[in-house]
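To keep things clear, I will list the structure first and then write my remarks on it.
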Amino acid sequence: MDEVSGAIRFLSAFTAIENHFKWQLQTDEEHMSFVRMAKEYARRHRTQVDLPALRAFADLRNALVHQDYYGGKPVADPVPEVVEAIERLRDRIIDPPKVLQVLPRRAPAVFETDTPLNRVLDEIRRHDYSQFPIYEEDTYLGLLTTNCIARWLAHRLATDEIVEGETVGAALEFAEPHERAAHLPRTITVPQAIKKLSPPRAGNCRRRR
């Protein structure tokens, strides 16, 4: 069997990316350019798609489809490095890695409302964590943040003395309403997680009633 030419491989990868953009965008614009689709895809999905490379690939694609063919094959081929580059980019866009494939394996620090607050402070000192999901058995109650702890501390210093054995539940009353933990499936991809975890608009921090 004849080896597939570099031009055919390149055009196949380019078409796969182009079709993926069209399918994801579901656009009604019949003549939206490839580069414009790439920009819109990156904007909607809050992800990087290497626009400079895609622009260069679009120019090369136009040159390849307008070149002469001999025996059903293109006369000129892109260099192997370019073919491999667009195939890698195609794979990254169409089948992005899962979050669990790229993040280090580390058990989350999870606390309950009756956990002594000094245990949370130990985690902050040891690992520089700033957010902790709080559970009551299997029920999620809220997100304890360092900002939340600071607000609790300021309130306690202004009204009462801080006593040994203060619990997470007391500080959680000062949780920020606009901050919450996101519960995501283990199969989520990196672009999906970036979109899901992008911070919401800043809101006012109030004590929960």
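Identifiers in this document derive from the order of the structure tokens: chains are assigned A, B, ..., residues are numbered from 1 separately in each chain, and ligands are numbered from 1 in order of occurrence.
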Pick out each residue of range 11-206 of chain A that DSSP on the backbone tags as helix (DSSP H, G or I); I need them as a PDB file with N, CA and C atoms, in the first residue's frame.
```pdb
ATOM      1  N   LEU A  11      -4.032  17.859   5.224  1.00  0.00           N
ATOM      2  CA  LEU A  11      -5.399  18.283   4.899  1.00  0.00           C
ATOM      3  C   LEU A  11      -6.433  17.517   5.719  1.00  0.00           C
ATOM      4  N   SER A  12      -6.164  16.252   5.988  1.00  0.00           N
ATOM      5  CA  SER A  12      -7.081  15.461   6.816  1.00  0.00           C
ATOM      6  C   SER A  12      -7.155  16.021   8.230  1.00  0.00           C
ATOM      7  N   ALA A  13      -5.991  16.360   8.798  1.00  0.00           N
ATOM      8  CA  ALA A  13      -5.967  16.928  10.148  1.00  0.00           C
ATOM      9  C   ALA A  13      -6.641  18.296  10.172  1.00  0.00           C
ATOM     10  N   PHE A  14      -6.367  19.116   9.158  1.00  0.00           N
ATOM     11  CA  PHE A  14      -6.977  20.448   9.092  1.00  0.00           C
ATOM     12  C   PHE A  14      -8.497  20.339   9.005  1.00  0.00           C
ATOM     13  N   THR A  15      -8.985  19.444   8.152  1.00  0.00           N
ATOM     14  CA  THR A  15     -10.434  19.273   7.997  1.00  0.00           C
ATOM     15  C   THR A  15     -11.073  18.778   9.290  1.00  0.00           C
ATOM     16  N   ALA A  16     -10.380  17.914  10.011  1.00  0.00           N
ATOM     17  CA  ALA A  16     -10.912  17.420  11.287  1.00  0.00           C
ATOM     18  C   ALA A  16     -11.068  18.561  12.285  1.00  0.00           C
ATOM     19  N   ILE A  17     -10.074  19.453  12.340  1.00  0.00           N
ATOM     20  CA  ILE A  17     -10.160  20.609  13.240  1.00  0.00           C
ATOM     21  C   ILE A  17     -11.298  21.527  12.808  1.00  0.00           C
ATOM     22  N   GLU A  18     -11.372  21.800  11.511  1.00  0.00           N
ATOM     23  CA  GLU A  18     -12.412  22.686  10.986  1.00  0.00           C
ATOM     24  C   GLU A  18     -13.807  22.134  11.281  1.00  0.00           C
ATOM     25  N   ASN A  19     -14.011  20.851  11.057  1.00  0.00           N
ATOM     26  CA  ASN A  19     -15.320  20.241  11.323  1.00  0.00           C
ATOM     27  C   ASN A  19     -15.654  20.254  12.815  1.00  0.00           C
ATOM     28  N   HIS A  20     -14.639  20.089  13.644  1.00  0.00           N
ATOM     29  CA  HIS A  20     -14.854  20.141  15.095  1.00  0.00           C
ATOM     30  C   HIS A  20     -15.317  21.532  15.508  1.00  0.00           C
ATOM     31  N   PHE A  21     -14.680  22.566  14.973  1.00  0.00           N
ATOM     32  CA  PHE A  21     -15.102  23.941  15.275  1.00  0.00           C
ATOM     33  C   PHE A  21     -16.548  24.161  14.839  1.00  0.00           C
ATOM     34  N   LYS A  22     -16.895  23.727  13.634  1.00  0.00           N
ATOM     35  CA  LYS A  22     -18.260  23.921  13.126  1.00  0.00           C
ATOM     36  C   LYS A  22     -19.279  23.207  14.008  1.00  0.00           C
ATOM     37  N   TRP A  23     -18.955  21.993  14.400  1.00  0.00           N
ATOM     38  CA  TRP A  23     -19.884  21.210  15.223  1.00  0.00           C
ATOM     39  C   TRP A  23     -20.058  21.834  16.600  1.00  0.00           C
ATOM     40  N   GLN A  24     -18.961  22.308  17.187  1.00  0.00           N
ATOM     41  CA  GLN A  24     -19.033  22.904  18.518  1.00  0.00           C
ATOM     42  C   GLN A  24     -19.736  24.253  18.499  1.00  0.00           C
ATOM     43  N   LEU A  25     -19.508  25.033  17.462  1.00  0.00           N
ATOM     44  CA  LEU A  25     -20.085  26.376  17.408  1.00  0.00           C
ATOM     45  C   LEU A  25     -21.532  26.365  16.931  1.00  0.00           C
ATOM     46  N   PHE A  34     -11.983  30.096   8.827  1.00  0.00           N
ATOM     47  CA  PHE A  34     -11.407  29.138   9.771  1.00  0.00           C
ATOM     48  C   PHE A  34     -10.816  29.851  10.977  1.00  0.00           C
ATOM     49  N   VAL A  35     -10.063  30.923  10.737  1.00  0.00           N
ATOM     50  CA  VAL A  35      -9.425  31.644  11.841  1.00  0.00           C
ATOM     51  C   VAL A  35     -10.473  32.285  12.744  1.00  0.00           C
ATOM     52  N   ARG A  36     -11.531  32.817  12.154  1.00  0.00           N
ATOM     53  CA  ARG A  36     -12.594  33.405  12.972  1.00  0.00           C
ATOM     54  C   ARG A  36     -13.287  32.338  13.814  1.00  0.00           C
ATOM     55  N   MET A  37     -13.504  31.149  13.225  1.00  0.00           N
ATOM     56  CA  MET A  37     -14.080  30.053  14.004  1.00  0.00           C
ATOM     57  C   MET A  37     -13.168  29.678  15.167  1.00  0.00           C
ATOM     58  N   ALA A  38     -11.860  29.656  14.922  1.00  0.00           N
ATOM     59  CA  ALA A  38     -10.912  29.314  15.980  1.00  0.00           C
ATOM     60  C   ALA A  38     -10.976  30.327  17.120  1.00  0.00           C
ATOM     61  N   LYS A  39     -11.064  31.611  16.777  1.00  0.00           N
ATOM     62  CA  LYS A  39     -11.169  32.650  17.805  1.00  0.00           C
ATOM     63  C   LYS A  39     -12.456  32.499  18.613  1.00  0.00           C
ATOM     64  N   GLU A  40     -13.565  32.255  17.920  1.00  0.00           N
ATOM     65  CA  GLU A  40     -14.851  32.112  18.602  1.00  0.00           C
ATOM     66  C   GLU A  40     -14.867  30.859  19.480  1.00  0.00           C
ATOM     67  N   TYR A  41     -14.276  29.804  18.985  1.00  0.00           N
ATOM     68  CA  TYR A  41     -14.185  28.560  19.769  1.00  0.00           C
ATOM     69  C   TYR A  41     -13.383  28.798  21.046  1.00  0.00           C
ATOM     70  N   ALA A  42     -12.244  29.484  20.910  1.00  0.00           N
ATOM     71  CA  ALA A  42     -11.413  29.772  22.083  1.00  0.00           C
ATOM     72  C   ALA A  42     -12.152  30.664  23.072  1.00  0.00           C
ATOM     73  N   ARG A  43     -12.927  31.638  22.559  1.00  0.00           N
ATOM     74  CA  ARG A  43     -13.666  32.536  23.448  1.00  0.00           C
ATOM     75  C   ARG A  43     -14.755  31.790  24.206  1.00  0.00           C
ATOM     76  N   ARG A  44     -15.518  30.980  23.502  1.00  0.00           N
ATOM     77  CA  ARG A  44     -16.632  30.275  24.153  1.00  0.00           C
ATOM     78  C   ARG A  44     -16.150  29.240  25.158  1.00  0.00           C
ATOM     79  N   HIS A  45     -15.060  28.576  24.828  1.00  0.00           N
ATOM     80  CA  HIS A  45     -14.585  27.484  25.677  1.00  0.00           C
ATOM     81  C   HIS A  45     -13.489  27.918  26.643  1.00  0.00           C
ATOM     82  N   LEU A  51      -3.614  30.099  18.220  1.00  0.00           N
ATOM     83  CA  LEU A  51      -4.079  30.834  17.041  1.00  0.00           C
ATOM     84  C   LEU A  51      -2.979  31.126  16.022  1.00  0.00           C
ATOM     85  N   PRO A  52      -1.754  31.510  16.444  1.00  0.00           N
ATOM     86  CA  PRO A  52      -0.719  31.746  15.429  1.00  0.00           C
ATOM     87  C   PRO A  52      -0.463  30.517  14.556  1.00  0.00           C
ATOM     88  N   ALA A  53      -0.423  29.344  15.178  1.00  0.00           N
ATOM     89  CA  ALA A  53      -0.206  28.119  14.400  1.00  0.00           C
ATOM     90  C   ALA A  53      -1.388  27.852  13.477  1.00  0.00           C
ATOM     91  N   LEU A  54      -2.606  28.061  13.970  1.00  0.00           N
ATOM     92  CA  LEU A  54      -3.783  27.810  13.138  1.00  0.00           C
ATOM     93  C   LEU A  54      -3.842  28.763  11.947  1.00  0.00           C
ATOM     94  N   ARG A  55      -3.417  30.009  12.151  1.00  0.00           N
ATOM     95  CA  ARG A  55      -3.372  30.952  11.016  1.00  0.00           C
ATOM     96  C   ARG A  55      -2.402  30.443   9.945  1.00  0.00           C
ATOM     97  N   ALA A  56      -1.215  30.018  10.406  1.00  0.00           N
ATOM     98  CA  ALA A  56      -0.222  29.509   9.457  1.00  0.00           C
ATOM     99  C   ALA A  56      -0.725  28.253   8.756  1.00  0.00           C
ATOM    100  N   PHE A  57      -1.387  27.383   9.498  1.00  0.00           N
ATOM    101  CA  PHE A  57      -1.932  26.171   8.891  1.00  0.00           C
ATOM    102  C   PHE A  57      -3.031  26.502   7.886  1.00  0.00           C
ATOM    103  N   ALA A  58      -3.838  27.522   8.169  1.00  0.00           N
ATOM    104  CA  ALA A  58      -4.893  27.920   7.233  1.00  0.00           C
ATOM    105  C   ALA A  58      -4.288  28.417   5.919  1.00  0.00           C
ATOM    106  N   ASP A  59      -3.210  29.206   6.024  1.00  0.00           N
ATOM    107  CA  ASP A  59      -2.541  29.681   4.807  1.00  0.00           C
ATOM    108  C   ASP A  59      -1.968  28.509   4.010  1.00  0.00           C
ATOM    109  N   LEU A  60      -1.349  27.563   4.722  1.00  0.00           N
ATOM    110  CA  LEU A  60      -0.769  26.407   4.036  1.00  0.00           C
ATOM    111  C   LEU A  60      -1.864  25.546   3.407  1.00  0.00           C
ATOM    112  N   ARG A  61      -2.971  25.400   4.089  1.00  0.00           N
ATOM    113  CA  ARG A  61      -4.090  24.622   3.542  1.00  0.00           C
ATOM    114  C   ARG A  61      -4.571  25.229   2.232  1.00  0.00           C
ATOM    115  N   ASN A  62      -4.702  26.571   2.200  1.00  0.00           N
ATOM    116  CA  ASN A  62      -5.146  27.234   0.972  1.00  0.00           C
ATOM    117  C   ASN A  62      -4.162  26.999  -0.171  1.00  0.00           C
ATOM    118  N   ALA A  63      -2.874  27.014   0.165  1.00  0.00           N
ATOM    119  CA  ALA A  63      -1.865  26.771  -0.870  1.00  0.00           C
ATOM    120  C   ALA A  63      -1.935  25.332  -1.381  1.00  0.00           C
ATOM    121  N   LEU A  64      -2.170  24.393  -0.477  1.00  0.00           N
ATOM    122  CA  LEU A  64      -2.195  22.984  -0.873  1.00  0.00           C
ATOM    123  C   LEU A  64      -3.398  22.654  -1.751  1.00  0.00           C
ATOM    124  N   VAL A  65      -4.562  23.199  -1.409  1.00  0.00           N
ATOM    125  CA  VAL A  65      -5.763  22.833  -2.179  1.00  0.00           C
ATOM    126  C   VAL A  65      -5.767  23.481  -3.562  1.00  0.00           C
ATOM    127  N   PRO A  80       7.702  17.071   7.183  1.00  0.00           N
ATOM    128  CA  PRO A  80       7.135  16.191   8.216  1.00  0.00           C
ATOM    129  C   PRO A  80       6.859  16.894   9.535  1.00  0.00           C
ATOM    130  N   GLU A  81       7.718  17.842   9.925  1.00  0.00           N
ATOM    131  CA  GLU A  81       7.521  18.526  11.202  1.00  0.00           C
ATOM    132  C   GLU A  81       6.199  19.288  11.236  1.00  0.00           C
ATOM    133  N   VAL A  82       5.819  19.878  10.102  1.00  0.00           N
ATOM    134  CA  VAL A  82       4.556  20.618  10.032  1.00  0.00           C
ATOM    135  C   VAL A  82       3.374  19.659  10.108  1.00  0.00           C
ATOM    136  N   VAL A  83       3.478  18.546   9.405  1.00  0.00           N
ATOM    137  CA  VAL A  83       2.401  17.549   9.444  1.00  0.00           C
ATOM    138  C   VAL A  83       2.211  17.031  10.866  1.00  0.00           C
ATOM    139  N   GLU A  84       3.303  16.711  11.529  1.00  0.00           N
ATOM    140  CA  GLU A  84       3.216  16.200  12.901  1.00  0.00           C
ATOM    141  C   GLU A  84       2.667  17.262  13.843  1.00  0.00           C
ATOM    142  N   ALA A  85       3.017  18.524  13.601  1.00  0.00           N
ATOM    143  CA  ALA A  85       2.542  19.610  14.470  1.00  0.00           C
ATOM    144  C   ALA A  85       1.029  19.771  14.372  1.00  0.00           C
ATOM    145  N   ILE A  86       0.482  19.752  13.152  1.00  0.00           N
ATOM    146  CA  ILE A  86      -0.974  19.926  13.034  1.00  0.00           C
ATOM    147  C   ILE A  86      -1.710  18.697  13.555  1.00  0.00           C
ATOM    148  N   GLU A  87      -1.123  17.518  13.430  1.00  0.00           N
ATOM    149  CA  GLU A  87      -1.771  16.317  13.971  1.00  0.00           C
ATOM    150  C   GLU A  87      -1.788  16.338  15.496  1.00  0.00           C
ATOM    151  N   ARG A  88      -0.717  16.848  16.100  1.00  0.00           N
ATOM    152  CA  ARG A  88      -0.713  16.988  17.567  1.00  0.00           C
ATOM    153  C   ARG A  88      -1.754  18.001  18.012  1.00  0.00           C
ATOM    154  N   LEU A  89      -1.835  19.119  17.282  1.00  0.00           N
ATOM    155  CA  LEU A  89      -2.816  20.149  17.630  1.00  0.00           C
ATOM    156  C   LEU A  89      -4.239  19.631  17.436  1.00  0.00           C
ATOM    157  N   ARG A  90      -4.459  18.874  16.363  1.00  0.00           N
ATOM    158  CA  ARG A  90      -5.774  18.256  16.147  1.00  0.00           C
ATOM    159  C   ARG A  90      -6.165  17.382  17.341  1.00  0.00           C
ATOM    160  N   ASP A  91      -5.246  16.551  17.789  1.00  0.00           N
ATOM    161  CA  ASP A  91      -5.546  15.653  18.912  1.00  0.00           C
ATOM    162  C   ASP A  91      -5.837  16.443  20.181  1.00  0.00           C
ATOM    163  N   ARG A  92      -5.081  17.529  20.397  1.00  0.00           N
ATOM    164  CA  ARG A  92      -5.270  18.328  21.615  1.00  0.00           C
ATOM    165  C   ARG A  92      -6.611  19.058  21.600  1.00  0.00           C
ATOM    166  N   ILE A  93      -7.053  19.497  20.427  1.00  0.00           N
ATOM    167  CA  ILE A  93      -8.322  20.222  20.330  1.00  0.00           C
ATOM    168  C   ILE A  93      -9.512  19.267  20.384  1.00  0.00           C
ATOM    169  N   ILE A  94      -9.447  18.189  19.614  1.00  0.00           N
ATOM    170  CA  ILE A  94     -10.591  17.281  19.503  1.00  0.00           C
ATOM    171  C   ILE A  94     -10.688  16.332  20.691  1.00  0.00           C
ATOM    172  N   VAL A  99      -8.472  16.108  33.214  1.00  0.00           N
ATOM    173  CA  VAL A  99      -7.827  16.829  34.316  1.00  0.00           C
ATOM    174  C   VAL A  99      -6.978  15.889  35.156  1.00  0.00           C
ATOM    175  N   LEU A 100      -7.493  14.702  35.437  1.00  0.00           N
ATOM    176  CA  LEU A 100      -6.764  13.759  36.284  1.00  0.00           C
ATOM    177  C   LEU A 100      -5.504  13.229  35.614  1.00  0.00           C
ATOM    178  N   GLN A 101      -5.376  13.445  34.302  1.00  0.00           N
ATOM    179  CA  GLN A 101      -4.166  13.025  33.606  1.00  0.00           C
ATOM    180  C   GLN A 101      -3.040  14.040  33.746  1.00  0.00           C
ATOM    181  N   VAL A 102      -3.375  15.281  34.045  1.00  0.00           N
ATOM    182  CA  VAL A 102      -2.352  16.330  34.088  1.00  0.00           C
ATOM    183  C   VAL A 102      -2.099  16.875  35.491  1.00  0.00           C
ATOM    184  N   LEU A 117     -10.837  24.312  64.398  1.00  0.00           N
ATOM    185  CA  LEU A 117     -10.330  25.235  63.382  1.00  0.00           C
ATOM    186  C   LEU A 117      -8.809  25.206  63.295  1.00  0.00           C
ATOM    187  N   ASN A 118      -8.140  24.843  64.392  1.00  0.00           N
ATOM    188  CA  ASN A 118      -6.676  24.821  64.342  1.00  0.00           C
ATOM    189  C   ASN A 118      -6.154  23.766  63.363  1.00  0.00           C
ATOM    190  N   ARG A 119      -6.956  22.731  63.080  1.00  0.00           N
ATOM    191  CA  ARG A 119      -6.539  21.751  62.070  1.00  0.00           C
ATOM    192  C   ARG A 119      -6.525  22.373  60.677  1.00  0.00           C
ATOM    193  N   VAL A 120      -7.488  23.245  60.410  1.00  0.00           N
ATOM    194  CA  VAL A 120      -7.504  23.960  59.134  1.00  0.00           C
ATOM    195  C   VAL A 120      -6.296  24.883  59.038  1.00  0.00           C
ATOM    196  N   LEU A 121      -5.997  25.580  60.126  1.00  0.00           N
ATOM    197  CA  LEU A 121      -4.853  26.491  60.127  1.00  0.00           C
ATOM    198  C   LEU A 121      -3.548  25.730  59.920  1.00  0.00           C
ATOM    199  N   ASP A 122      -3.460  24.516  60.452  1.00  0.00           N
ATOM    200  CA  ASP A 122      -2.273  23.691  60.218  1.00  0.00           C
ATOM    201  C   ASP A 122      -2.107  23.390  58.730  1.00  0.00           C
ATOM    202  N   GLU A 123      -3.219  23.074  58.047  1.00  0.00           N
ATOM    203  CA  GLU A 123      -3.157  22.797  56.611  1.00  0.00           C
ATOM    204  C   GLU A 123      -2.723  24.028  55.829  1.00  0.00           C
ATOM    205  N   ILE A 124      -3.194  25.193  56.260  1.00  0.00           N
ATOM    206  CA  ILE A 124      -2.796  26.437  55.589  1.00  0.00           C
ATOM    207  C   ILE A 124      -1.302  26.660  55.745  1.00  0.00           C
ATOM    208  N   ARG A 125      -0.786  26.448  56.956  1.00  0.00           N
ATOM    209  CA  ARG A 125       0.650  26.647  57.189  1.00  0.00           C
ATOM    210  C   ARG A 125       1.487  25.634  56.414  1.00  0.00           C
ATOM    211  N   ARG A 126       1.046  24.390  56.381  1.00  0.00           N
ATOM    212  CA  ARG A 126       1.851  23.331  55.770  1.00  0.00           C
ATOM    213  C   ARG A 126       1.814  23.352  54.247  1.00  0.00           C
ATOM    214  N   HIS A 127       0.647  23.640  53.673  1.00  0.00           N
ATOM    215  CA  HIS A 127       0.483  23.491  52.227  1.00  0.00           C
ATOM    216  C   HIS A 127       0.093  24.777  51.510  1.00  0.00           C
ATOM    217  N   THR A 146      -9.694  31.222  53.242  1.00  0.00           N
ATOM    218  CA  THR A 146      -8.880  32.005  54.168  1.00  0.00           C
ATOM    219  C   THR A 146      -9.484  33.390  54.391  1.00  0.00           C
ATOM    220  N   ASN A 147     -10.130  33.940  53.378  1.00  0.00           N
ATOM    221  CA  ASN A 147     -10.804  35.223  53.537  1.00  0.00           C
ATOM    222  C   ASN A 147     -11.967  35.095  54.515  1.00  0.00           C
ATOM    223  N   CYS A 148     -12.671  33.989  54.425  1.00  0.00           N
ATOM    224  CA  CYS A 148     -13.773  33.712  55.345  1.00  0.00           C
ATOM    225  C   CYS A 148     -13.255  33.618  56.787  1.00  0.00           C
ATOM    226  N   ILE A 149     -12.138  32.931  56.972  1.00  0.00           N
ATOM    227  CA  ILE A 149     -11.546  32.802  58.310  1.00  0.00           C
ATOM    228  C   ILE A 149     -11.126  34.167  58.839  1.00  0.00           C
ATOM    229  N   ALA A 150     -10.579  35.007  57.968  1.00  0.00           N
ATOM    230  CA  ALA A 150     -10.169  36.349  58.390  1.00  0.00           C
ATOM    231  C   ALA A 150     -11.372  37.170  58.841  1.00  0.00           C
ATOM    232  N   ARG A 151     -12.487  37.052  58.152  1.00  0.00           N
ATOM    233  CA  ARG A 151     -13.696  37.776  58.543  1.00  0.00           C
ATOM    234  C   ARG A 151     -14.222  37.266  59.884  1.00  0.00           C
ATOM    235  N   TRP A 152     -14.188  35.944  60.058  1.00  0.00           N
ATOM    236  CA  TRP A 152     -14.603  35.370  61.342  1.00  0.00           C
ATOM    237  C   TRP A 152     -13.709  35.879  62.466  1.00  0.00           C
ATOM    238  N   LEU A 153     -12.391  35.902  62.219  1.00  0.00           N
ATOM    239  CA  LEU A 153     -11.444  36.340  63.239  1.00  0.00           C
ATOM    240  C   LEU A 153     -11.679  37.798  63.609  1.00  0.00           C
ATOM    241  N   ALA A 154     -11.899  38.646  62.605  1.00  0.00           N
ATOM    242  CA  ALA A 154     -12.151  40.061  62.882  1.00  0.00           C
ATOM    243  C   ALA A 154     -13.415  40.230  63.717  1.00  0.00           C
ATOM    244  N   HIS A 155     -14.433  39.448  63.403  1.00  0.00           N
ATOM    245  CA  HIS A 155     -15.685  39.524  64.170  1.00  0.00           C
ATOM    246  C   HIS A 155     -15.471  39.061  65.609  1.00  0.00           C
ATOM    247  N   ARG A 156     -14.740  37.977  65.795  1.00  0.00           N
ATOM    248  CA  ARG A 156     -14.513  37.446  67.140  1.00  0.00           C
ATOM    249  C   ARG A 156     -13.691  38.408  67.983  1.00  0.00           C
ATOM    250  N   LEU A 157     -12.678  39.008  67.392  1.00  0.00           N
ATOM    251  CA  LEU A 157     -11.838  39.942  68.137  1.00  0.00           C
ATOM    252  C   LEU A 157     -12.619  41.182  68.549  1.00  0.00           C
ATOM    253  N   ALA A 158     -13.622  41.538  67.759  1.00  0.00           N
ATOM    254  CA  ALA A 158     -14.406  42.733  68.069  1.00  0.00           C
ATOM    255  C   ALA A 158     -15.510  42.459  69.083  1.00  0.00           C
ATOM    256  N   THR A 159     -15.916  41.198  69.228  1.00  0.00           N
ATOM    257  CA  THR A 159     -17.073  40.897  70.083  1.00  0.00           C
ATOM    258  C   THR A 159     -16.770  39.960  71.239  1.00  0.00           C
ATOM    259  N   VAL A 168     -14.805  24.647  62.799  1.00  0.00           N
ATOM    260  CA  VAL A 168     -14.987  25.088  61.418  1.00  0.00           C
ATOM    261  C   VAL A 168     -16.369  25.693  61.212  1.00  0.00           C
ATOM    262  N   GLY A 169     -17.379  25.118  61.855  1.00  0.00           N
ATOM    263  CA  GLY A 169     -18.747  25.593  61.674  1.00  0.00           C
ATOM    264  C   GLY A 169     -18.921  27.054  62.019  1.00  0.00           C
ATOM    265  N   ALA A 170     -18.211  27.525  63.063  1.00  0.00           N
ATOM    266  CA  ALA A 170     -18.326  28.929  63.456  1.00  0.00           C
ATOM    267  C   ALA A 170     -17.792  29.847  62.362  1.00  0.00           C
ATOM    268  N   ALA A 171     -16.656  29.474  61.786  1.00  0.00           N
ATOM    269  CA  ALA A 171     -16.068  30.304  60.732  1.00  0.00           C
ATOM    270  C   ALA A 171     -16.866  30.219  59.441  1.00  0.00           C
ATOM    271  N   LEU A 172     -17.495  29.072  59.196  1.00  0.00           N
ATOM    272  CA  LEU A 172     -18.239  28.890  57.953  1.00  0.00           C
ATOM    273  C   LEU A 172     -19.440  29.822  57.851  1.00  0.00           C
ATOM    274  N   VAL A 190      -9.555  19.098  30.481  1.00  0.00           N
ATOM    275  CA  VAL A 190      -8.930  20.347  30.926  1.00  0.00           C
ATOM    276  C   VAL A 190      -9.712  21.571  30.438  1.00  0.00           C
ATOM    277  N   PRO A 191     -10.069  21.687  29.141  1.00  0.00           N
ATOM    278  CA  PRO A 191     -10.850  22.864  28.720  1.00  0.00           C
ATOM    279  C   PRO A 191     -12.193  22.968  29.428  1.00  0.00           C
ATOM    280  N   GLN A 192     -12.863  21.835  29.640  1.00  0.00           N
ATOM    281  CA  GLN A 192     -14.150  21.864  30.338  1.00  0.00           C
ATOM    282  C   GLN A 192     -13.983  22.356  31.768  1.00  0.00           C
ATOM    283  N   ALA A 193     -12.916  21.913  32.429  1.00  0.00           N
ATOM    284  CA  ALA A 193     -12.679  22.337  33.811  1.00  0.00           C
ATOM    285  C   ALA A 193     -12.350  23.819  33.883  1.00  0.00           C
ATOM    286  N   ILE A 194     -11.549  24.310  32.940  1.00  0.00           N
ATOM    287  CA  ILE A 194     -11.215  25.735  32.916  1.00  0.00           C
ATOM    288  C   ILE A 194     -12.478  26.568  32.771  1.00  0.00           C
ATOM    289  N   LYS A 195     -13.359  26.157  31.863  1.00  0.00           N
ATOM    290  CA  LYS A 195     -14.613  26.890  31.657  1.00  0.00           C
ATOM    291  C   LYS A 195     -15.487  26.832  32.904  1.00  0.00           C
ATOM    292  N   LYS A 196     -15.572  25.655  33.514  1.00  0.00           N
ATOM    293  CA  LYS A 196     -16.430  25.472  34.678  1.00  0.00           C
ATOM    294  C   LYS A 196     -15.902  26.216  35.896  1.00  0.00           C
ATOM    295  N   LEU A 197     -14.573  26.259  36.062  1.00  0.00           N
ATOM    296  CA  LEU A 197     -13.979  26.821  37.271  1.00  0.00           C
ATOM    297  C   LEU A 197     -13.560  28.274  37.124  1.00  0.00           C
TER     298      LEU A 197
END
```
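Residues of range 4-200 of chain A that DSSP places in strand (DSSP E or B), based on the backbone of this structure, are Tyr69, Tyr70, Lys73, Pro74, Lys98, Phe111, Glu112, Pro116, Gln131, Phe132, Pro133, Ile134, Tyr135, Glu136, Thr139, Tyr140, Leu141, Gly142, Leu143, Leu144, Thr145, Thr167 and Thr189 of chain A.
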